[in-house]
Amino acid sequence: MTVSRSSSVRPRVRFAPSPTGFLHVGSARTFIFNWLYARRTGGTMILRLDDTDVERNTDASVTSIFEGLKWLGLSWDEEYKQSERGALHRQMAEAILEKGLAYRDFTPAHTGDSERSGAQGTWLFNPGMRELSREASDRRAAAGELFALRFRVPRDGGQVVRFTDAVYGEQMKAGADIEDFALLRSDGMPTYHLASCADDADLCISHIIRGQDHLTNTFKHVLILEAAGYTPPQFAHLPLLVAPDGTKLSKRRHGPVVSVTTYRDAGFLPEAFINFLCLLGWSPKDDRTKMSQQELIEAFSLEGINRANAVVNFKESDVGRALLPATAESSTSSVIPNGREAAVRNLLSTPEDTFDPKALWLNAEHIRGLAIEDLSQRLLPIVREAGFNITPEKMVRITPLIRERITLLRDVLTVADFFFVEQLPPYDPAELIPQKGDAALALKVLQKAQAVLANVEFKHDPLDQALRAAAQEIGVKAGQMFQPIRVAVCGRKNAPPLFETLEVLGKETTLARINLATQKLH
RNA sequence: GGCGCUAUCGUCUAGGGGUUAGGACGGAAGAUUCUCAAUCUUCAAACCCGGGUUCGAUUCCCGGUAGCGCUACCA
């Protein structure tokens, strides 16, 4: 007989990471899908740390998970720690044992190897233990002999375990294909399967949305839940996120691109990153790609989830892999604005060609959609951290000039650098020479500019008129006029539009830089 | 080895018994502005293979192949 579940009408979903590593992009997506489902349905989002593996849990991992979630800006309503709920787990194990649906296995634990799962075929149980009489079992346990508690999987009469997955549909598996999995380890600690089921039942989880790697585990979970008298919740398994080579994402193999904090440190907008992750294995089924959080909540449904694994299309670069760990971890330290060292480091740590191009595009897209004030506020800390003492007022004036020119927030450092420094870093004077011109022409242009700019108001329109008129006066094309000036004030050919730039830079800086440029031409 | 899941452009995906198989990223070409970017236009690019069902399969069914997952006293 089964006890009917809590009568709560609102869905209750959970994200249950085990703190054995940094927050992984796949885990982040699982969190997001759960969160979207909860918000979409008015349900409750629960964060549960599945930390029953004391050997492998680390505080650093817990920190990384919270850090990552904090950055994503998605909240949860309830929080639990599995390690504090041991009594509940043991209670469930006890109940299952009492019903005769589990048995003690006194076979010593296997050490490390997994040769059992090799060519020998399916291992189902350790000989002799399943059949042990309850009396003998109790006696040995009372004598202090160590044992693992195993589930007595029903195998007689061709029994079948089944459940319906919201994504993968009807699932069934013969009991004859399920091994007698452990519930309790010989040290008394619950296994993942037991703890997870006990907590899901106790917390009245209504929908379990998790990675597809648990799809076959679900048969065991259904077994546990039913043995303990609960009706299994709704399951929805998510296709896995894989690397371009098709293998699962791992930090060891693929480097920091699989860690959420890497995206934060590289200058992704959390809303863009969430948007990107949502499009991996889920579709709104219309042609939208750029979506706000609100739009995602409104469009999200379990039916929109795909069944095939999705590739996170990052570039596997040895250089990036070798260098990113150091730079990603030390990204909070200041970046030296100029100099060869900074240039080299910038080049090597530039993640631009490492990340999935679509993630990059979405980020740029979200940046472009931000209000100037908003973007400016997000940019300022990055600029300050890099050692530039820029005021919020100046940042607000710079922001519109770069909004369409940055992909990652950190690009502000390379795109707007000339606004930040007092002295321009050295540049090649040959850059000053315009199309179809020579050094003499460049000099002539710059000298004319100096003269004209000294007496013009530094606003877009007056600058526009004055410089165009000047070009005509000395008989050069507008482009030929503008380029030397641009290089003189920006230190390079590619930069934001000239008049706006000059306006923000101001007369004093502009004239000083042009003056310096004329000296270079001599 | 056993069991399970999956298969549409390079990638993310839409679609579905009859379609010019749609969109997005990326790529290419062009337009445009003072450069760059943004924007706009255009182009190239896909239904894993073999059977079956059917008047007709990329779509449904079966088989194969490939990939992935599980097969721990990890989660």
# chains A, B, ... in the order shown; residues from 1 in each chain; ligands from 1
call {"tool": "select_by_dssp", "arguments": {"residues": "region 126-344 of chain A", "states": "strand (DSSP E or B)", "output": "count of residues only"}}
result
39
call {"tool": "closest_atom_pairs", "arguments": {"of": "chain B", "to": "chain A", "cutoff": "12 Å", "atoms": "only C-alpha atoms (C1' of nucleotides)", "output": "tab-separated table"}}
result
residue	atom	partner	partner_atom	distance
B:G1	C1'	A:Ala119	CA	3.8
B:G2	C1'	A:Gly121	CA	5.2
B:C3	C1'	A:Asp177	CA	6.2
B:G4	C1'	A:Thr216	CA	6.4
B:C5	C1'	A:Leu215	CA	8.2
B:U6	C1'	A:Ala308	CA	5.2
B:A7	C1'	A:Ala308	CA	7.7
B:U8	C1'	A:Ala308	CA	11.9
B:G10	C1'	A:Asn313	CA	9.9
B:U11	C1'	A:Asn313	CA	6.1
B:C12	C1'	A:Leu280	CA	6.4
B:U13	C1'	A:Ser283	CA	7.0
B:A14	C1'	A:Lys285	CA	6.2
B:G15	C1'	A:Lys285	CA	9.6
B:G22	C1'	A:Asp287	CA	9.0
B:G23	C1'	A:Asp287	CA	5.3
B:A24	C1'	A:Thr289	CA	6.5
B:C25	C1'	A:Lys358	CA	4.8
B:G26	C1'	A:Pro357	CA	6.8
B:U33	C1'	A:Pro497	CA	9.3
B:C34	C1'	A:Gly479	CA	4.9
B:U35	C1'	A:Asn494	CA	5.3
B:C36	C1'	A:Asn494	CA	4.4
B:A37	C1'	A:Arg405	CA	4.8
B:A38	C1'	A:Glu404	CA	5.5
B:U39	C1'	A:Glu404	CA	10.5
B:A66	C1'	A:Gly246	CA	11.6
B:G67	C1'	A:Gly246	CA	7.2
B:C68	C1'	A:Asn309	CA	7.6
B:G69	C1'	A:Asp213	CA	5.2
B:C70	C1'	A:Thr216	CA	5.7
B:U71	C1'	A:Ser117	CA	5.9
B:A72	C1'	A:Ser114	CA	7.2
B:C73	C1'	A:Arg185	CA	4.1
B:C74	C1'	A:Asp53	CA	7.3
B:A75	C1'	A:Tyr192	CA	6.1
call {"tool": "residues_around", "arguments": {"residues": "C61 (chain B)", "least_positions_apart": "6", "cutoff": "12 Å", "atoms": "only C-alpha atoms (C1' of nucleotides)", "output": "list in words"}}
result
G51, G52, U53 and U54 of chain B
call {"tool": "write_last_selection", "arguments": {"atoms": "C-alpha atoms (C1' of nucleotides)", "output": "mmCIF file, in the first residue's frame"}}
result
data_model
loop_
_atom_site.group_PDB
_atom_site.id
_atom_site.type_symbol
_atom_site.label_atom_id
_atom_site.label_comp_id
_atom_site.auth_asym_id
_atom_site.auth_seq_id
_atom_site.Cartn_x
_atom_site.Cartn_y
_atom_site.Cartn_z
ATOM 1 C "C1'" G B 51 14.603 -2.795 -44.758
ATOM 2 C "C1'" G B 52 9.209 -2.555 -43.948
ATOM 3 C "C1'" U B 53 4.196 0.026 -43.895
ATOM 4 C "C1'" U B 54 2.201 3.432 -47.601
#
call {"tool": "atom_distance", "arguments": {"atom1": "CA of Asp199 (chain A)", "atom2": "CA of Gly68 (chain A)"}}
result
23.9 Å
call {"tool": "atom_distance", "arguments": {"atom1": "CA of Gly158 (chain A)", "atom2": "CA of Lys99 (chain A)"}}
result
21.1 Å
call {"tool": "closest_residue", "arguments": {"among": "B:C9, B:A29, B:G17, B:G63", "to": "C47 (chain B)", "atoms": "only C-alpha atoms (C1' of nucleotides)"}}
result
B:C9
call {"tool": "closest_residue", "arguments": {"among": "A:Val9, A:Leu72, A:Leu511, A:Leu413", "to": "Gly42 (chain A)", "atoms": "only C-alpha atoms"}}
result
A:Val9
call {"tool": "select_by_dssp", "arguments": {"residues": "region 219-439 of chain A", "states": "helix (DSSP H, G or I)", "output": "PyMOL selection string"}}
result
chain A and resi 219-227+251-258+260-266+270-278+293-299+302-304+318-329+340-349+357-369+372-385+392-405+409-415+417-420+429-432+439
call {"tool": "residues_around", "arguments": {"residues": "Ile474 (chain A)", "least_positions_apart": "6", "cutoff": "12 Å", "atoms": "only C-alpha atoms (C1' of nucleotides)", "output": "VMD selection string"}}
result
chain A and resid 441 to 449 452 467 to 468 480 to 481
call {"tool": "closest_atom_pairs", "arguments": {"of": "region 206-244 of chain A", "to": "region 31-36 of chain A", "cutoff": "9 Å", "atoms": "only C-alpha atoms", "output": "tab-separated table"}}
result
residue	atom	partner	partner_atom	distance
A:His207	CA	A:Asn34	CA	8.8
A:Ile208	CA	A:Asn34	CA	8.3
A:Ile209	CA	A:Asn34	CA	6.2
A:Arg210	CA	A:Asn34	CA	8.3
call {"tool": "write_last_selection", "arguments": {"atoms": "C-alpha atoms", "output": "tab-separated table (two decimals), in the first residue's frame"}}
result
chain	number	residue	atom	x	y	z
A	207	HIS	CA	8.91	17.15	-9.87
A	208	ILE	CA	12.44	15.88	-10.15
A	209	ILE	CA	14.14	17.71	-12.98
A	210	ARG	CA	17.71	16.51	-13.35
call {"tool": "atom_distance", "arguments": {"atom1": "CA of Phe151 (chain A)", "atom2": "CA of Leu238 (chain A)"}}
result
26.5 Å
call {"tool": "residues_around", "arguments": {"residues": "region 425-429 of chain A", "least_positions_apart": "4", "cutoff": "12 Å", "atoms": "only C-alpha atoms (C1' of nucleotides)", "output": "PyMOL selection string"}}
result
chain A and resi 337-340+342-343+417-421+433-434+438-439+442-443+484-485+487-493+513-514+516-522
call {"tool": "write_last_selection", "arguments": {"atoms": "C-alpha atoms", "output": "mmCIF file, in the first residue's frame"}}
result
data_model
loop_
_atom_site.group_PDB
_atom_site.id
_atom_site.type_symbol
_atom_site.label_atom_id
_atom_site.label_comp_id
_atom_site.auth_asym_id
_atom_site.auth_seq_id
_atom_site.Cartn_x
_atom_site.Cartn_y
_atom_site.Cartn_z
ATOM 1 C CA PRO A 337 46.971 48.736 -18.176
ATOM 2 C CA ASN A 338 49.994 49.066 -20.407
ATOM 3 C CA GLY A 339 53.128 47.328 -21.192
ATOM 4 C CA ARG A 340 54.221 44.218 -22.877
ATOM 5 C CA ALA A 342 49.788 43.092 -19.949
ATOM 6 C CA ALA A 343 49.558 42.773 -23.691
ATOM 7 C CA ASP A 417 41.416 52.104 -22.991
ATOM 8 C CA PHE A 418 42.330 55.501 -24.475
ATOM 9 C CA PHE A 419 39.621 57.124 -22.386
ATOM 10 C CA PHE A 420 41.156 55.781 -19.228
ATOM 11 C CA VAL A 421 44.845 56.498 -19.563
ATOM 12 C CA ILE A 433 49.264 58.372 -42.412
ATOM 13 C CA PRO A 434 45.869 58.357 -44.117
ATOM 14 C CA ASP A 438 52.100 60.349 -46.925
ATOM 15 C CA ALA A 439 53.713 61.623 -43.744
ATOM 16 C CA ALA A 442 49.377 63.518 -42.103
ATOM 17 C CA LEU A 443 51.351 66.368 -40.625
ATOM 18 C CA PRO A 484 45.190 60.898 -38.517
ATOM 19 C CA ILE A 485 43.218 62.605 -35.795
ATOM 20 C CA VAL A 487 45.001 57.631 -34.456
ATOM 21 C CA ALA A 488 46.479 60.608 -32.670
ATOM 22 C CA VAL A 489 43.823 60.583 -29.953
ATOM 23 C CA CYS A 490 43.017 56.860 -29.754
ATOM 24 C CA GLY A 491 46.370 55.356 -30.611
ATOM 25 C CA ARG A 492 44.857 53.100 -33.249
ATOM 26 C CA LYS A 493 42.762 53.114 -36.386
ATOM 27 C CA ARG A 513 47.640 64.076 -28.103
ATOM 28 C CA ILE A 514 47.575 65.685 -31.533
ATOM 29 C CA LEU A 516 52.408 64.561 -29.564
ATOM 30 C CA ALA A 517 51.484 62.984 -32.862
ATOM 31 C CA THR A 518 52.902 65.846 -34.890
ATOM 32 C CA GLN A 519 56.169 65.397 -33.047
ATOM 33 C CA LYS A 520 56.218 61.722 -33.966
ATOM 34 C CA LEU A 521 55.895 62.667 -37.621
ATOM 35 C CA HIS A 522 58.951 64.898 -37.578
#
